[in-house]
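To be precise, the following lines are protein-v1.cif, and they hold mmCIF, C-alpha atoms.
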```cif
data_input
loop_
_atom_site.group_PDB
_atom_site.id
_atom_site.type_symbol
_atom_site.label_atom_id
_atom_site.label_comp_id
_atom_site.auth_asym_id
_atom_site.auth_seq_id
_atom_site.Cartn_x
_atom_site.Cartn_y
_atom_site.Cartn_z
ATOM 1 C CA MET A 1009 -4.192 5.352 -28.885
ATOM 2 C CA GLU A 1010 -2.034 7.511 -26.626
ATOM 3 C CA LYS A 1011 -2.497 6.794 -22.934
ATOM 4 C CA ARG A 1012 -3.281 9.708 -20.643
ATOM 5 C CA ILE A 1013 -2.512 8.370 -17.183
ATOM 6 C CA LEU A 1014 -3.862 9.991 -14.020
ATOM 7 C CA VAL A 1015 -2.555 8.848 -10.629
ATOM 8 C CA THR A 1016 -4.445 9.751 -7.464
ATOM 9 C CA GLY A 1017 -2.396 9.753 -4.282
ATOM 10 C CA GLY A 1018 0.429 10.554 -6.648
ATOM 11 C CA THR A 1019 2.428 12.522 -4.084
ATOM 12 C CA GLY A 1020 2.574 9.602 -1.634
ATOM 13 C CA MET A 1021 5.174 6.868 -1.298
ATOM 14 C CA VAL A 1022 4.151 4.648 -4.222
ATOM 15 C CA GLY A 1023 3.262 7.667 -6.320
ATOM 16 C CA LYS A 1024 6.777 9.052 -6.002
ATOM 17 C CA TYR A 1025 8.266 5.789 -7.273
ATOM 18 C CA LEU A 1026 5.796 5.862 -10.158
ATOM 19 C CA GLN A 1027 6.934 9.389 -11.020
ATOM 20 C CA GLU A 1028 10.421 7.985 -11.618
ATOM 21 C CA ILE A 1029 9.278 5.326 -14.097
ATOM 22 C CA LEU A 1030 6.120 6.927 -15.581
ATOM 23 C CA PRO A 1031 7.208 10.571 -15.832
ATOM 24 C CA ASN A 1032 4.541 11.566 -18.356
ATOM 25 C CA ALA A 1033 1.563 10.690 -16.144
ATOM 26 C CA THR A 1034 -0.392 13.315 -14.182
ATOM 27 C CA TYR A 1035 0.070 12.958 -10.422
ATOM 28 C CA ILE A 1036 -2.345 14.507 -7.944
ATOM 29 C CA GLY A 1037 -2.441 14.724 -4.171
ATOM 30 C CA SER A 1038 -4.934 16.401 -1.872
ATOM 31 C CA LYS A 1039 -3.499 19.845 -2.672
ATOM 32 C CA GLN A 1040 -4.269 19.416 -6.364
ATOM 33 C CA CYS A 1041 -7.676 17.751 -5.992
ATOM 34 C CA ASP A 1042 -9.806 16.925 -2.951
ATOM 35 C CA LEU A 1043 -11.115 13.459 -3.793
ATOM 36 C CA THR A 1044 -13.868 13.806 -1.179
ATOM 37 C CA ASN A 1045 -15.309 16.698 -3.224
ATOM 38 C CA TYR A 1046 -17.282 15.310 -6.168
ATOM 39 C CA ASN A 1047 -17.277 18.581 -8.123
ATOM 40 C CA GLN A 1048 -13.494 18.947 -7.855
ATOM 41 C CA VAL A 1049 -12.997 15.368 -9.033
ATOM 42 C CA ASP A 1050 -15.426 15.878 -11.908
ATOM 43 C CA GLN A 1051 -13.708 19.096 -13.017
ATOM 44 C CA PHE A 1052 -10.222 17.594 -12.796
ATOM 45 C CA TRP A 1053 -11.172 14.492 -14.817
ATOM 46 C CA ASN A 1054 -12.864 16.751 -17.369
ATOM 47 C CA HIS A 1055 -9.646 18.763 -17.686
ATOM 48 C CA ILE A 1056 -7.260 15.789 -17.949
ATOM 49 C CA GLU A 1057 -9.546 13.402 -19.885
ATOM 50 C CA PRO A 1058 -7.608 10.341 -18.631
ATOM 51 C CA THR A 1059 -7.658 7.035 -20.463
ATOM 52 C CA ASN A 1060 -6.092 5.307 -17.441
ATOM 53 C CA VAL A 1061 -6.618 6.011 -13.746
ATOM 54 C CA ILE A 1062 -4.393 4.537 -11.047
ATOM 55 C CA HIS A 1063 -6.282 5.072 -7.799
ATOM 56 C CA LEU A 1064 -3.719 5.166 -4.989
ATOM 57 C CA GLY A 1065 -5.421 7.929 -3.021
ATOM 58 C CA ALA A 1066 -6.469 6.930 0.501
ATOM 59 C CA LYS A 1067 -6.402 7.973 4.127
ATOM 60 C CA VAL A 1068 -3.860 5.646 5.721
ATOM 61 C CA GLY A 1069 -2.286 5.265 9.148
ATOM 62 C CA GLY A 1070 -0.819 2.885 11.686
ATOM 63 C CA ILE A 1071 -2.551 0.665 14.251
ATOM 64 C CA VAL A 1072 -2.973 3.462 16.803
ATOM 65 C CA GLU A 1073 -4.617 5.836 14.332
ATOM 66 C CA ASN A 1074 -6.878 3.103 12.963
ATOM 67 C CA LEU A 1075 -8.046 2.167 16.459
ATOM 68 C CA ASN A 1076 -8.610 5.771 17.552
ATOM 69 C CA TYR A 1077 -10.273 7.202 14.430
ATOM 70 C CA PRO A 1078 -12.220 4.395 12.710
ATOM 71 C CA ALA A 1079 -15.035 6.700 11.564
ATOM 72 C CA ASP A 1080 -12.582 9.035 9.824
ATOM 73 C CA PHE A 1081 -10.993 6.127 7.965
ATOM 74 C CA TYR A 1082 -14.419 4.837 6.954
ATOM 75 C CA ASP A 1083 -15.930 8.168 5.874
ATOM 76 C CA ILE A 1084 -12.982 9.616 3.980
ATOM 77 C CA ASN A 1085 -12.008 6.459 2.103
ATOM 78 C CA THR A 1086 -15.584 5.539 1.207
ATOM 79 C CA ILE A 1087 -16.305 8.998 -0.193
ATOM 80 C CA MET A 1088 -13.038 9.145 -2.152
ATOM 81 C CA ASN A 1089 -13.532 5.704 -3.682
ATOM 82 C CA THR A 1090 -17.143 6.431 -4.628
ATOM 83 C CA ASN A 1091 -16.266 9.728 -6.291
ATOM 84 C CA VAL A 1092 -13.343 8.264 -8.251
ATOM 85 C CA LEU A 1093 -15.453 5.392 -9.615
ATOM 86 C CA LYS A 1094 -18.474 7.548 -10.488
ATOM 87 C CA VAL A 1095 -16.445 10.241 -12.200
ATOM 88 C CA SER A 1096 -14.254 7.736 -14.046
ATOM 89 C CA LYS A 1097 -17.375 6.089 -15.435
ATOM 90 C CA LYS A 1098 -18.842 9.482 -16.381
ATOM 91 C CA HIS A 1099 -15.700 10.412 -18.322
ATOM 92 C CA ASN A 1100 -15.345 7.017 -19.998
ATOM 93 C CA VAL A 1101 -12.035 6.015 -18.404
ATOM 94 C CA LYS A 1102 -10.919 2.929 -20.325
ATOM 95 C CA ARG A 1103 -8.756 1.376 -17.625
ATOM 96 C CA LEU A 1104 -8.992 2.014 -13.895
ATOM 97 C CA THR A 1105 -6.791 0.134 -11.440
ATOM 98 C CA GLY A 1106 -7.606 0.454 -7.748
ATOM 99 C CA ILE A 1107 -4.756 -0.135 -5.318
ATOM 100 C CA LEU A 1108 -6.106 -1.981 -2.287
ATOM 101 C CA SER A 1109 -4.353 -3.637 0.678
ATOM 102 C CA THR A 1110 -4.042 -7.128 2.140
ATOM 103 C CA CYS A 1111 -5.621 -5.766 5.346
ATOM 104 C CA MET A 1112 -8.942 -6.144 3.490
ATOM 105 C CA TYR A 1113 -8.569 -9.929 3.802
ATOM 106 C CA PRO A 1114 -10.214 -11.892 6.650
ATOM 107 C CA ASP A 1115 -8.549 -11.739 10.036
ATOM 108 C CA VAL A 1116 -8.286 -15.545 10.136
ATOM 109 C CA VAL A 1117 -8.726 -18.252 7.499
ATOM 110 C CA GLU A 1118 -8.237 -22.012 7.595
ATOM 111 C CA THR A 1119 -5.449 -22.171 5.011
ATOM 112 C CA TYR A 1120 -2.546 -19.858 4.149
ATOM 113 C CA PRO A 1121 -1.429 -18.227 1.971
ATOM 114 C CA MET A 1122 -4.716 -16.547 1.100
ATOM 115 C CA THR A 1123 -5.735 -16.314 -2.538
ATOM 116 C CA GLU A 1124 -7.919 -13.736 -4.243
ATOM 117 C CA ASP A 1125 -10.897 -16.061 -3.702
ATOM 118 C CA ASN A 1126 -10.627 -15.646 0.101
ATOM 119 C CA ILE A 1127 -11.474 -11.930 0.182
ATOM 120 C CA HIS A 1128 -15.020 -12.370 1.549
ATOM 121 C CA ASP A 1129 -14.403 -15.380 3.813
ATOM 122 C CA GLY A 1130 -14.579 -13.369 7.041
ATOM 123 C CA PRO A 1131 -14.264 -9.866 8.550
ATOM 124 C CA PRO A 1132 -10.984 -7.912 8.458
ATOM 125 C CA SER A 1133 -8.774 -7.555 11.523
ATOM 126 C CA PHE A 1134 -10.034 -5.380 14.404
ATOM 127 C CA ALA A 1135 -6.764 -3.388 14.200
ATOM 128 C CA ASN A 1136 -7.830 -1.636 10.961
ATOM 129 C CA PHE A 1137 -11.403 -2.822 10.571
ATOM 130 C CA SER A 1138 -12.896 0.310 8.958
ATOM 131 C CA TYR A 1139 -9.971 0.881 6.608
ATOM 132 C CA GLY A 1140 -9.913 -2.792 5.622
ATOM 133 C CA PHE A 1141 -13.606 -2.765 4.776
ATOM 134 C CA THR A 1142 -13.282 0.363 2.626
ATOM 135 C CA LYS A 1143 -10.576 -1.366 0.590
ATOM 136 C CA ARG A 1144 -12.739 -4.465 0.269
ATOM 137 C CA SER A 1145 -15.656 -2.252 -0.725
ATOM 138 C CA LEU A 1146 -13.546 -0.710 -3.483
ATOM 139 C CA SER A 1147 -12.975 -4.175 -4.949
ATOM 140 C CA VAL A 1148 -16.744 -4.753 -4.845
ATOM 141 C CA GLY A 1149 -17.357 -1.405 -6.511
ATOM 142 C CA ILE A 1150 -14.927 -2.104 -9.338
ATOM 143 C CA GLU A 1151 -16.491 -5.506 -9.993
ATOM 144 C CA ALA A 1152 -19.978 -3.975 -9.818
ATOM 145 C CA TYR A 1153 -19.113 -1.355 -12.447
ATOM 146 C CA ASN A 1154 -17.622 -4.063 -14.661
ATOM 147 C CA LYS A 1155 -20.795 -6.129 -14.370
ATOM 148 C CA GLN A 1156 -23.378 -3.372 -14.766
ATOM 149 C CA HIS A 1157 -21.615 -0.912 -17.056
ATOM 150 C CA GLY A 1158 -19.288 -3.158 -19.048
ATOM 151 C CA THR A 1159 -16.125 -1.430 -17.847
ATOM 152 C CA ASN A 1160 -12.889 -3.400 -17.873
ATOM 153 C CA TRP A 1161 -11.351 -2.194 -14.613
ATOM 154 C CA ASN A 1162 -9.264 -4.096 -12.078
ATOM 155 C CA TYR A 1163 -7.533 -3.870 -8.714
ATOM 156 C CA LEU A 1164 -4.213 -4.875 -7.167
ATOM 157 C CA ILE A 1165 -3.858 -6.047 -3.558
ATOM 158 C CA PRO A 1166 -0.357 -5.269 -2.262
ATOM 159 C CA CYS A 1167 1.096 -6.586 0.977
ATOM 160 C CA ASN A 1168 2.722 -4.271 3.550
ATOM 161 C CA LEU A 1169 4.979 -1.656 2.009
ATOM 162 C CA TYR A 1170 8.053 0.318 2.986
ATOM 163 C CA GLY A 1171 10.360 2.692 1.187
ATOM 164 C CA GLU A 1172 12.483 5.827 1.094
ATOM 165 C CA TYR A 1173 9.454 8.104 0.642
ATOM 166 C CA ASP A 1174 7.586 7.026 3.776
ATOM 167 C CA HIS A 1175 6.628 9.400 6.635
ATOM 168 C CA PHE A 1176 9.904 9.294 8.578
ATOM 169 C CA GLU A 1177 9.056 12.521 10.343
ATOM 170 C CA ASP A 1178 5.863 11.048 11.828
ATOM 171 C CA PRO A 1179 6.240 7.599 13.481
ATOM 172 C CA GLU A 1180 2.451 7.414 13.917
ATOM 173 C CA LYS A 1181 1.927 7.402 10.141
ATOM 174 C CA CYS A 1182 4.875 5.459 8.745
ATOM 175 C CA HIS A 1183 4.913 1.746 7.975
ATOM 176 C CA PHE A 1184 6.573 -0.817 10.245
ATOM 177 C CA ILE A 1185 9.919 -1.215 8.446
ATOM 178 C CA THR A 1186 10.252 2.555 8.145
ATOM 179 C CA ALA A 1187 9.369 3.049 11.816
ATOM 180 C CA LEU A 1188 11.850 0.304 12.736
ATOM 181 C CA ILE A 1189 14.686 2.055 10.884
ATOM 182 C CA ARG A 1190 13.720 5.349 12.537
ATOM 183 C CA LYS A 1191 13.846 3.661 15.970
ATOM 184 C CA ILE A 1192 17.283 2.217 15.207
ATOM 185 C CA ILE A 1193 18.626 5.634 14.204
ATOM 186 C CA ASP A 1194 17.061 7.376 17.220
ATOM 187 C CA SER A 1195 18.340 4.730 19.652
ATOM 188 C CA GLU A 1196 21.819 4.970 18.168
ATOM 189 C CA ASN A 1197 21.789 8.764 18.457
ATOM 190 C CA ASN A 1198 20.662 8.515 22.094
ATOM 191 C CA GLY A 1199 23.376 6.018 22.974
ATOM 192 C CA GLU A 1200 20.829 3.275 23.740
ATOM 193 C CA SER A 1201 21.639 -0.416 23.340
ATOM 194 C CA ASN A 1202 18.056 -1.596 22.658
ATOM 195 C CA ILE A 1203 15.057 -0.708 20.536
ATOM 196 C CA THR A 1204 11.495 -1.214 21.792
ATOM 197 C CA LEU A 1205 8.745 -2.526 19.501
ATOM 198 C CA PHE A 1206 4.991 -2.948 19.964
ATOM 199 C CA GLY A 1207 3.501 -6.337 20.837
ATOM 200 C CA THR A 1208 5.167 -9.724 21.126
ATOM 201 C CA GLY A 1209 7.084 -9.905 17.857
ATOM 202 C CA SER A 1210 5.235 -13.043 16.783
ATOM 203 C CA PRO A 1211 2.930 -11.757 13.968
ATOM 204 C CA LEU A 1212 3.934 -12.807 10.442
ATOM 205 C CA ARG A 1213 4.191 -10.323 7.602
ATOM 206 C CA GLN A 1214 5.154 -9.950 3.956
ATOM 207 C CA PHE A 1215 6.915 -6.621 3.406
ATOM 208 C CA MET A 1216 7.544 -5.299 -0.085
ATOM 209 C CA HIS A 1217 9.631 -2.355 -1.191
ATOM 210 C CA ALA A 1218 7.180 0.202 -2.594
ATOM 211 C CA SER A 1219 9.177 0.526 -5.811
ATOM 212 C CA ASP A 1220 8.230 -3.089 -6.595
ATOM 213 C CA LEU A 1221 4.538 -2.180 -6.517
ATOM 214 C CA ALA A 1222 5.246 0.791 -8.780
ATOM 215 C CA ARG A 1223 6.979 -1.502 -11.273
ATOM 216 C CA VAL A 1224 4.005 -3.891 -11.250
ATOM 217 C CA ILE A 1225 1.601 -1.001 -11.877
ATOM 218 C CA LYS A 1226 3.689 0.098 -14.846
ATOM 219 C CA ILE A 1227 3.657 -3.450 -16.269
ATOM 220 C CA VAL A 1228 -0.140 -3.621 -15.836
ATOM 221 C CA ILE A 1229 -0.577 -0.365 -17.766
ATOM 222 C CA GLU A 1230 1.902 -1.114 -20.544
ATOM 223 C CA ASN A 1231 0.591 -4.637 -21.115
ATOM 224 C CA ASP A 1232 -3.082 -3.745 -20.663
ATOM 225 C CA ILE A 1233 -3.524 -6.376 -17.934
ATOM 226 C CA THR A 1234 -7.106 -6.315 -16.674
ATOM 227 C CA LYS A 1235 -7.064 -9.200 -14.199
ATOM 228 C CA SER A 1236 -7.082 -8.428 -10.467
ATOM 229 C CA PHE A 1237 -4.437 -10.018 -8.249
ATOM 230 C CA ASN A 1238 -2.292 -9.908 -5.118
ATOM 231 C CA VAL A 1239 1.079 -8.176 -5.309
ATOM 232 C CA ALA A 1240 3.241 -9.682 -2.589
ATOM 233 C CA THR A 1241 6.723 -11.002 -2.106
ATOM 234 C CA PRO A 1242 6.902 -14.709 -1.198
ATOM 235 C CA GLU A 1243 9.307 -13.691 1.617
ATOM 236 C CA GLU A 1244 7.446 -13.951 4.962
ATOM 237 C CA ASN A 1245 8.960 -13.200 8.385
ATOM 238 C CA SER A 1246 7.841 -12.614 11.948
ATOM 239 C CA ILE A 1247 8.121 -9.083 13.326
ATOM 240 C CA LYS A 1248 10.954 -10.318 15.537
ATOM 241 C CA ASP A 1249 12.806 -11.841 12.581
ATOM 242 C CA MET A 1250 12.361 -8.669 10.519
ATOM 243 C CA ALA A 1251 13.937 -6.654 13.326
ATOM 244 C CA THR A 1252 16.859 -9.094 13.414
ATOM 245 C CA ILE A 1253 17.277 -9.042 9.615
ATOM 246 C CA THR A 1254 17.195 -5.236 9.592
ATOM 247 C CA LEU A 1255 19.756 -4.884 12.382
ATOM 248 C CA GLU A 1256 22.062 -7.386 10.693
ATOM 249 C CA ALA A 1257 21.668 -5.745 7.271
ATOM 250 C CA LEU A 1258 22.587 -2.384 8.805
ATOM 251 C CA ASP A 1259 25.387 -3.918 10.893
ATOM 252 C CA LYS A 1260 23.881 -2.613 14.146
ATOM 253 C CA ASN A 1261 24.603 -4.393 17.426
ATOM 254 C CA MET A 1262 21.389 -3.719 19.342
ATOM 255 C CA GLY A 1263 18.926 -5.746 21.329
ATOM 256 C CA VAL A 1264 15.170 -5.837 20.695
ATOM 257 C CA VAL A 1265 12.637 -5.395 23.526
ATOM 258 C CA PHE A 1266 8.937 -6.026 22.948
ATOM 259 C CA ASP A 1267 6.223 -4.096 24.801
ATOM 260 C CA SER A 1268 3.544 -6.762 25.150
ATOM 261 C CA ASP A 1269 1.117 -4.202 26.611
ATOM 262 C CA LYS A 1270 0.851 -2.727 23.111
ATOM 263 C CA PRO A 1271 -1.252 -4.433 20.399
ATOM 264 C CA ASP A 1272 0.193 -6.978 17.966
ATOM 265 C CA GLY A 1273 -2.371 -6.346 15.274
ATOM 266 C CA GLN A 1274 -3.425 -9.143 12.944
ATOM 267 C CA TYR A 1275 -1.390 -12.298 13.542
ATOM 268 C CA ARG A 1276 -1.096 -13.389 9.906
ATOM 269 C CA LYS A 1277 -2.314 -12.128 6.543
ATOM 270 C CA THR A 1278 -0.013 -13.956 4.165
ATOM 271 C CA VAL A 1279 -1.248 -13.929 0.574
ATOM 272 C CA SER A 1280 -0.319 -15.952 -2.471
ATOM 273 C CA CYS A 1281 1.552 -14.341 -5.374
ATOM 274 C CA ASP A 1282 0.855 -17.285 -7.703
ATOM 275 C CA LYS A 1283 -1.705 -15.433 -9.831
ATOM 276 C CA MET A 1284 0.620 -12.475 -10.239
ATOM 277 C CA MET A 1285 3.545 -14.680 -11.231
ATOM 278 C CA SER A 1286 1.367 -16.446 -13.802
ATOM 279 C CA LEU A 1287 0.839 -13.030 -15.425
ATOM 280 C CA ILE A 1288 4.314 -11.552 -14.845
ATOM 281 C CA SER A 1289 6.500 -14.643 -14.637
ATOM 282 C CA ASP A 1290 9.880 -12.920 -14.762
ATOM 283 C CA PHE A 1291 9.265 -10.361 -12.008
ATOM 284 C CA GLU A 1292 11.922 -10.166 -9.279
ATOM 285 C CA PHE A 1293 11.164 -8.607 -5.894
ATOM 286 C CA THR A 1294 13.620 -6.546 -3.870
ATOM 287 C CA LYS A 1295 15.002 -8.674 -1.032
ATOM 288 C CA LEU A 1296 14.215 -7.324 2.434
ATOM 289 C CA LYS A 1297 17.860 -7.001 3.478
ATOM 290 C CA ASP A 1298 18.651 -5.017 0.321
ATOM 291 C CA GLY A 1299 15.586 -2.816 0.676
ATOM 292 C CA VAL A 1300 16.248 -1.788 4.273
ATOM 293 C CA VAL A 1301 19.799 -0.755 3.396
ATOM 294 C CA LYS A 1302 18.444 1.492 0.604
ATOM 295 C CA VAL A 1303 15.933 3.068 2.980
ATOM 296 C CA TYR A 1304 18.483 3.574 5.756
ATOM 297 C CA GLU A 1305 20.994 5.232 3.442
ATOM 298 C CA GLU A 1306 18.328 7.582 2.095
ATOM 299 C CA VAL A 1307 17.143 8.548 5.579
ATOM 300 C CA ILE A 1308 20.680 9.311 6.709
ATOM 301 C CA LYS A 1309 21.216 11.394 3.577
ATOM 302 C CA LYS A 1310 17.997 13.359 4.101
ATOM 303 C CA TYR A 1311 17.870 13.776 7.842
ATOM 304 C CA GLY A 1312 21.354 12.883 9.080
ATOM 305 C CA LYS A 1313 22.057 10.816 12.184
#
```

Written form, structure tokens:
Amino acid sequence: MEKRILVTGGTGMVGKYLQEILPNATYIGSKQCDLTNYNQVDQFWNHIEPTNVIHLGAKVGGIVENLNYPADFYDINTIMNTNVLKVSKKHNVKRLTGILSTCMYPDVVETYPMTEDNIHDGPPSFANFSYGFTKRSLSVGIEAYNKQHGTNWNYLIPCNLYGEYDHFEDPEKCHFITALIRKIIDSENNGESNITLFGTGSPLRQFMHASDLARVIKIVIENDITKSFNVATPEENSIKDMATITLEALDKNMGVVFDSDKPDGQYRKTVSCDKMMSLISDFEFTKLKDGVVKVYEEVIKKYGK
């Protein structure tokens, strides 16, 4: 049976990498279909008749936005997720894969790295509490549909992402690595010898190039994998170490200053990739130092110094 693949959030960072490796899929952003509008979703699914839905669509933002607009993150993401699940069931979508986030995991657990069994062991971090719960709720919804309606849907839980297609023009919306590279470029252009980062630099993170997630999604579709699992590089670094690695990879001689009056966010949310590697044993992640060079070169090409 021919697969008709529909990707929500298809104009975002991960969606753009998917377009490169799954060119025959249908990609929609908010301009093509408002996922908060049930009738629009219903009409679009009726038109496309997808066999596979990759649900990337979400309202996302950085720590500041999450802290300032928690109701917006809760309302918009909850409505979008509900509509996508209901309409996909109505139109008999064979395979739906929801793309979640490790920020749905508990703020603190006794043992790291966290496995997929730890999802409900505590509340998400205060830094993105509403957003984290909507992602966790999506996992519950997918499992509920599987149990009640006999669907065979799944979800992937990626760690922090970065990439060439991030929001470089808006530091409030881009991910940490992207914002870091933007700060390095801006500081260099302004003749400054230091960059300033939020918090203390001590939190630990796994950062994955967004093209790696796109490749995993493609493998899931092509091999009809229906298990749910974390997608995360085993490479874990502190914020301070990531700044050092990035500066060294880009051959920049700058100091790093931390503004401890600004929030750190969640201290640690390291997740295990063991389940993923048991399913895709030969997968190789992009190394952080290689990924930041790719992003930097693309930013310079697009926006100049």

Excluding range 1259-1270 of chain A and residues on its chain fewer than 6 positions from it, collect all residues at most 6 Å away from it, counting all atoms listed in the file, and give them as an mmCIF file with C-alpha atoms, in the coordinates of the input.
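For reference, out_22.cif as written:
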```
data_model
loop_
_atom_site.group_PDB
_atom_site.id
_atom_site.type_symbol
_atom_site.label_atom_id
_atom_site.label_comp_id
_atom_site.auth_asym_id
_atom_site.auth_seq_id
_atom_site.Cartn_x
_atom_site.Cartn_y
_atom_site.Cartn_z
ATOM 1 C CA SER A 1201 21.639 -0.416 23.340
ATOM 2 C CA ASN A 1202 18.056 -1.596 22.658
ATOM 3 C CA ILE A 1203 15.057 -0.708 20.536
ATOM 4 C CA THR A 1204 11.495 -1.214 21.792
ATOM 5 C CA LEU A 1205 8.745 -2.526 19.501
ATOM 6 C CA PHE A 1206 4.991 -2.948 19.964
ATOM 7 C CA GLY A 1207 3.501 -6.337 20.837
ATOM 8 C CA THR A 1208 5.167 -9.724 21.126
#
```

Applied to this file, what does the PyMOL selection byres ((chain A and resi 1173) around 10) return in terms of residues, put as a count of residues only? 20

Quote the spacing between CA of Ile1071 in chain A and CA of Ala1187 in chain A in Å to one decimal place. 12.4 Å

Selection result of the PyMOL selection byres ((chain A and resi 1301) around 10) on this file, as a PyMOL selection string: chain A and resi 1189+1254-1255+1257-1259+1296-1300+1302-1307

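We find CA of Thr1241 in chain A and CA of Met1216 in chain A to be spaced 6.1 Å apart.
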
Please write the residues picked by the PyMOL selection byres ((chain A and resi 1099) around 12) on this file as a list in words. Val1049, Asp1050, Gln1051, Phe1052, Trp1053, Asn1054, His1055, Ile1056, Glu1057, Pro1058, Thr1059, Asn1060, Val1061, Val1092, Leu1093, Lys1094, Val1095, Ser1096, Lys1097, Lys1098, Asn1100, Val1101, Lys1102, Arg1103, Leu1104 and Thr1159 of chain A

Would you compute an axis-aligned box for range 1147-1160 of chain A, covering every atom listed for it in the file with 8 Å of margin on each side, and report centre and edge lengths in Å to one decimal as lines of an AutoDock Vina configuration file?
```
center_x = -18.1
center_y = -3.5
center_z = -11.9
size_x = 26.5
size_y = 21.2
size_z = 30.2
```

Residue contacts of Thr1123 in chain A (10 Å, only C-alpha atoms) excluding same-chain residues fewer than 4 positions away, as an MDAnalysis selection string: chainID A and resid 1113 1119 1127 1237:1238 1278:1283

Kindly save the residues from that selection, with C-alpha atoms included, as a short mmCIF file (atom, residue, chain, number, x, y, z; two decimals), in the frame of the given file.
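Everything below was put into result-v3.cif:
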```cif
data_model
loop_
_atom_site.label_atom_id
_atom_site.label_comp_id
_atom_site.auth_asym_id
_atom_site.auth_seq_id
_atom_site.Cartn_x
_atom_site.Cartn_y
_atom_site.Cartn_z
CA TYR A 1113 -8.57 -9.93 3.80
CA THR A 1119 -5.45 -22.17 5.01
CA ILE A 1127 -11.47 -11.93 0.18
CA PHE A 1237 -4.44 -10.02 -8.25
CA ASN A 1238 -2.29 -9.91 -5.12
CA THR A 1278 -0.01 -13.96 4.16
CA VAL A 1279 -1.25 -13.93 0.57
CA SER A 1280 -0.32 -15.95 -2.47
CA CYS A 1281 1.55 -14.34 -5.37
CA ASP A 1282 0.86 -17.28 -7.70
CA LYS A 1283 -1.70 -15.43 -9.83
#
```

Missing atoms of range 1027-1038 of chain A rebuilt to N, CA, C and O atoms, written as a PDB file, in the coordinates of the input:
```pdb
ATOM      1  N   GLN A1027       6.461   8.198 -10.308  1.00  0.00           N
ATOM      2  CA  GLN A1027       6.934   9.389 -11.020  1.00  0.00           C
ATOM      3  C   GLN A1027       8.287   9.132 -11.683  1.00  0.00           C
ATOM      4  O   GLN A1027       8.583   9.713 -12.737  1.00  0.00           O
ATOM      5  N   GLU A1028       9.098   8.272 -11.074  1.00  0.00           N
ATOM      6  CA  GLU A1028      10.421   7.985 -11.618  1.00  0.00           C
ATOM      7  C   GLU A1028      10.355   7.130 -12.886  1.00  0.00           C
ATOM      8  O   GLU A1028      11.222   7.237 -13.756  1.00  0.00           O
ATOM      9  N   ILE A1029       9.328   6.266 -12.976  1.00  0.00           N
ATOM     10  CA  ILE A1029       9.278   5.326 -14.097  1.00  0.00           C
ATOM     11  C   ILE A1029       8.138   5.613 -15.084  1.00  0.00           C
ATOM     12  O   ILE A1029       8.130   5.070 -16.185  1.00  0.00           O
ATOM     13  N   LEU A1030       7.189   6.472 -14.685  1.00  0.00           N
ATOM     14  CA  LEU A1030       6.120   6.927 -15.581  1.00  0.00           C
ATOM     15  C   LEU A1030       6.068   8.458 -15.519  1.00  0.00           C
ATOM     16  O   LEU A1030       5.099   9.052 -15.021  1.00  0.00           O
ATOM     17  N   PRO A1031       7.102   9.115 -16.013  1.00  0.00           N
ATOM     18  CA  PRO A1031       7.208  10.571 -15.832  1.00  0.00           C
ATOM     19  C   PRO A1031       6.149  11.381 -16.570  1.00  0.00           C
ATOM     20  O   PRO A1031       5.921  12.547 -16.223  1.00  0.00           O
ATOM     21  N   ASN A1032       5.498  10.803 -17.555  1.00  0.00           N
ATOM     22  CA  ASN A1032       4.541  11.566 -18.356  1.00  0.00           C
ATOM     23  C   ASN A1032       3.114  11.508 -17.813  1.00  0.00           C
ATOM     24  O   ASN A1032       2.216  12.141 -18.378  1.00  0.00           O
ATOM     25  N   ALA A1033       2.897  10.760 -16.748  1.00  0.00           N
ATOM     26  CA  ALA A1033       1.563  10.690 -16.144  1.00  0.00           C
ATOM     27  C   ALA A1033       1.282  11.968 -15.354  1.00  0.00           C
ATOM     28  O   ALA A1033       2.192  12.735 -15.031  1.00  0.00           O
ATOM     29  N   THR A1034       0.013  12.199 -15.037  1.00  0.00           N
ATOM     30  CA  THR A1034      -0.392  13.315 -14.182  1.00  0.00           C
ATOM     31  C   THR A1034      -0.574  12.789 -12.762  1.00  0.00           C
ATOM     32  O   THR A1034      -1.321  11.827 -12.538  1.00  0.00           O
ATOM     33  N   TYR A1035       0.103  13.419 -11.811  1.00  0.00           N
ATOM     34  CA  TYR A1035       0.070  12.958 -10.422  1.00  0.00           C
ATOM     35  C   TYR A1035      -0.619  14.001  -9.547  1.00  0.00           C
ATOM     36  O   TYR A1035      -0.245  15.178  -9.567  1.00  0.00           O
ATOM     37  N   ILE A1036      -1.624  13.560  -8.800  1.00  0.00           N
ATOM     38  CA  ILE A1036      -2.345  14.507  -7.944  1.00  0.00           C
ATOM     39  C   ILE A1036      -2.373  14.003  -6.506  1.00  0.00           C
ATOM     40  O   ILE A1036      -2.491  12.809  -6.231  1.00  0.00           O
ATOM     41  N   GLY A1037      -2.232  14.963  -5.588  1.00  0.00           N
ATOM     42  CA  GLY A1037      -2.441  14.724  -4.171  1.00  0.00           C
ATOM     43  C   GLY A1037      -3.604  15.588  -3.707  1.00  0.00           C
ATOM     44  O   GLY A1037      -4.289  16.228  -4.523  1.00  0.00           O
ATOM     45  N   SER A1038      -3.792  15.664  -2.405  1.00  0.00           N
ATOM     46  CA  SER A1038      -4.934  16.401  -1.872  1.00  0.00           C
ATOM     47  C   SER A1038      -4.862  17.894  -2.172  1.00  0.00           C
ATOM     48  O   SER A1038      -5.892  18.575  -2.251  1.00  0.00           O
TER      49      SER A1038
END
```
